[in-house]
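The structure appears below as structure tokens.
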Number of protein chains: 4
Amino acid sequence: MSKGEALRDRTAALIVDSAAALLARSGETASMEDIATAAGIGRATLYRYFANRDELLRAMASASVEELAVQIGEADLDNAPFDEALTRLTRAIIATGSKYLALSRDGVGLTNAHPDADKALIQPVRGLFRRAIAEGSLRDGLSPDLLMSLYSGLVRGALGAGSDRRLGVEEMVATIVTVFLHGVRAKG
Amino acid sequence: MSKGEALRDRTAALIVDSAAALLARSGETASMEDIATAAGIGRATLYRYFANRDELLRAMASASVEELAVQIGEADLDNAPFDEALTRLTRAIIATGSKYLALSRDGVGLTNAHPDADKALIQPVRGLFRRAIAEGSLRDGLSPDLLMSLYSGLVRGALGAGSDRRLGVEEMVATIVTVFLHGVRAKG
Amino acid sequence: MSKGEALRDRTAALIVDSAAALLARSGETASMEDIATAAGIGRATLYRYFANRDELLRAMASASVEELAVQIGEADLDNAPFDEALTRLTRAIIATGSKYLALSRDGVGLTNAHPDADKALIQPVRGLFRRAIAEGSLRDGLSPDLLMSLYSGLVRGALGAGSDRRLGVEEMVATIVTVFLHGVRAKG
Amino acid sequence: MSKGEALRDRTAALIVDSAAALLARSGETASMEDIATAAGIGRATLYRYFANRDELLRAMASASVEELAVQIGEADLDNAPFDEALTRLTRAIIATGSKYLALSRDGVGLTNAHPDADKALIQPVRGLFRRAIAEGSLRDGLSPDLLMSLYSGLVRGALGAGSDRRLGVEEMVATIVTVFLHGVRAKG
DNA sequence: AAATAATCGAGACGGTACGTCCTGTCTTTGG
DNA sequence: CCAAAGACAGGACGTACCGTCTCGATTATTT
């Protein structure tokens with residue numbers, strides 16, 4: 001029954017999009033009824049697609065993860081020097097930025113959201129940093145995980161700044177990459 | 001009636017502390033009844049101190065702001081060279097870290113929480129960065145606000161990393177300051 | 001949607017009955033939660049049927065009025081001599097007695113409870129007394145309204161006495177009618 | 001310390017009066033705070049005089065009982081023929097009528113209100129009816145208790161009618177006594 | 001007249017009922 | 001046969017009241 005499943009998936013995606021738009025506006029508020037109405041469906045139908053409010057949130061996160069995973073995949077991090085790879089990665093993240101930010105603001109762990117999150121997101125990035133460490137281009141004492149946390153914080157900070165002031169995407173990318181690279185680079 | 005007010009303030013502080021401890025454990029869950037019980041008071045009394053759940057959350061944020069403001073005040077940022085001042089600032093923030101992190105995770109805006117938040121927190125830090133810019137020790141094209149966002153992201157990222165892995169305070173401080181300074185420094 | 005409304009009405013009637021039984025036992029006490037539990041439903045559902053405690057009370061009164069109105073209608077007061085009509089009326093009231101008593105004990109005005117209370121209850125009885133006056137079978141100086149008050153008091157008194165001591169229905173009816181019609185003096 | 005007790009009793013009486021007036025207006029509503037304010041005292045003081053809302057209600061009933069007992073005592077029921085005694089009794093009750101009515105409307109049993117209620121109120125009246133029975137002036141089959149219930153209902157009914165329409169006291173007394181004694185039929 | 005005791009108000013506190021709102025699970029109806 | 005509509009139980013929220021309590025302040029009483 002591939003046709004029914006396809007329809008179901010399309011509806012689910014529609015709900016997720018509509019919910020994302022609503023939550024971006026209203027924040028954590030917004031009842032399930034509101035979400036259903038915003039999606040143009042009944043509350044019961046919403047529950048038929050997502051058993052929980054939590055599950056809906058996770059589905060939203062999962063959508064972000066997937067979108068981001070595609071972008072990262074296209075960035076082809078492995079086949080570019082570290083600097084270029086980092087620039088591409090940053091550009092990919094910023095492009096999916098708003099959703100990424102909205103999700104990370106709420107308590108939803110992106111990592112738990114999607115079964116492949118680890119494989120599709122964490123692994124490539126960690127691999128990138130691991131490679132840079134192996135190449136000796138980074139300062140000592142910085143583990144891959146710590147690097148990821150710092151980098152993630154930097155991106156998030158820039159995104160926060162970008163949402164207030166109007167910053168062009170390329171401007172943000174350049175700033176992040178420059179600051180991070182000079183900050184962690186071996187020779188200083 | 002300074003004595004009555006003093007008692008009231010002390011009780012309110014006790015409630016805020018107890019609630020902070022509980023929420024740190026249970027996350028956003030935990031009903032007002034739970035919070036009251038954890039504080040050893042009745043639900044009605046809790047509502048006599050804080051009209052709303054929101055008001056309680058704001059009070060918690062306000063407490064964090066105040067605590068952090070004291071730490072920053074003691075850091076005496078103006079009378080130290082930039083590097084040293086930044087180290088002190090980072091140490092102050094990390095010291096108040098857990099609460100700062102817990103609050104920032106929830107939707108409570110720290111800035112809106114306390115009337116003096118801007119004066120006591122934002123201004124000194126912005127001043128520090130402004131001074132560094134004036135001294136010419138930072139790279140061009142980095143506004144004070146952008147610097148604050150990047151720095152804040154870096155701190156938050158390090159705090160997130162520190163809560164998972166066990167990182168010593170000084171270790172975290174050193175990492176943050178080093179990465180940030182090399183990242184933004186002029187000559188790079 | 002006549003079926004849904006019918007179900008709703010049936011449920012409402014069930015709640016009213018169950019509440020009447022409970023209040024007859026527990027008096028004015030008994031929380032809405034208790035009433036809901038006694039009716040075998042949740043508190044929220046109870047509030048979906050009756051917005052207020054007051055509205056529930058009014059519904060109980062209204063039910064009494066309706067029941068009594070039916071009984072009085074069946075008594076066919078107009079087509080019987082005064083003595084017989086009064087006997088039938090008294091029997092009708094006593095039959096609905098317990099509820100009538102319980103409601104009249106609380107502050108709920110029976111008259112305000114039901115839109116047709118006046119037409120269905122007051123009018124027929126007043127008509128009966130008016131007819132008796134017109135027939136000249138009653139002493140002078142007794143207005144229909146005063147007669148109704150006295151009769152009502154007598155019935156209520158007898159009901160009160162009947163609930164304590166065990167008096168058969170027919171015994172009570174006979175006593176009320178006899179006393180009201182002939183007076184207490186032996187030959188008067 | 002008879003002086004202190006006297007003052008206390010006077011204050012208590014004042015509270016009871018004020019509360020009676022307030023409750024007559026507002027019905028069962030009216031919080032303890034309202035009652036205290038109406039009496040011109042603080043809530044704590046009110047509770048110092050009456051531990052419960054119930055106790056206050058009972059005190060109000062008790063005051064009525066006492067007042068009525070005095071009136072009945074002065075009526076000297078034993079030293080008058082039945083007709084005259086009943087007239088005096090009715091006059092006494094009607095005189096204290098409003099309070100008697102207000103109390104009997106609420107759930108407060110007058111009998112339980114005052115320790116001497118039975119002795120001061122019930123006994124004399126029952127004695128009156130018992131005497132009438134013994135004299136053979138009443139119809140058979142009417143126990144003293146039933147007579148009291150019927151008489152009480154009649155009085156209450158007349159009081160209810162009197163509060164709506166404007167009926168003079170003597171008019172009401174005459175009607176009650178006449179109806180009760182002679183019945184409503186023209187010549188019976 | 002000064003010290004002491006009783007009484008007052010003011011109001012905080014624990015507890016509980018109320019009425020509202022939302023969640024997650026159902027049944028019932030219609031396309 | 002699945003959608004939309006909506007009823008239901010449960011529970012949290014914020015409000016209001018009750019009965020208990022402690023605290024100063026204002027009285028009366030006592031020495």
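A note on labels: chains of the structure tokens are A, B, ... as shown, every chain counts residues from 1, and ligands are counted from 1 in their shown order.
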Next item on the list: Determine which residues of chain A sit within 9 Å of chain F, taking into account only C-alpha atoms (C1' of nucleotides), and present them as a list in words.
Entry: Ile41, Gly42, Arg43, Ala44 and Thr45 of chain A
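All residues of protein, DNA or RNA that reach within 9 Å of DG14 of chain F, judged by only C-alpha atoms (C1' of nucleotides) and not counting those fewer than 4 positions away in the chain, are Tyr47, Ala51 and Asn52 of chain B.
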Next item on the list: Just need the residues of chain B within 8 Å of chain A, counting only C-alpha atoms, so spit them out as a PyMOL selection string.
Entry: chain B and resi 105-107+145-146+149-158+160-161+178-184+188
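Those residues of chain E that fall within 10 Å of chain A when using only C-alpha atoms (C1' of nucleotides) read E:DC21, E:DC22, E:DT23, E:DG24, E:DT25.
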Note to self: Would you pick out the contacts of Leu121 of chain C at 8 Å or less, using only C-alpha atoms (C1' of nucleotides), so that residues sharing its chain but fewer than 6 positions from it are not included, and give the list as a ChimeraX atom specification?
What the structure shows: /C:65,68-69,72
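Overlaying chain D on chain A with a least-squares fit of every Cα atom yields 1.8 Å as the RMSD.
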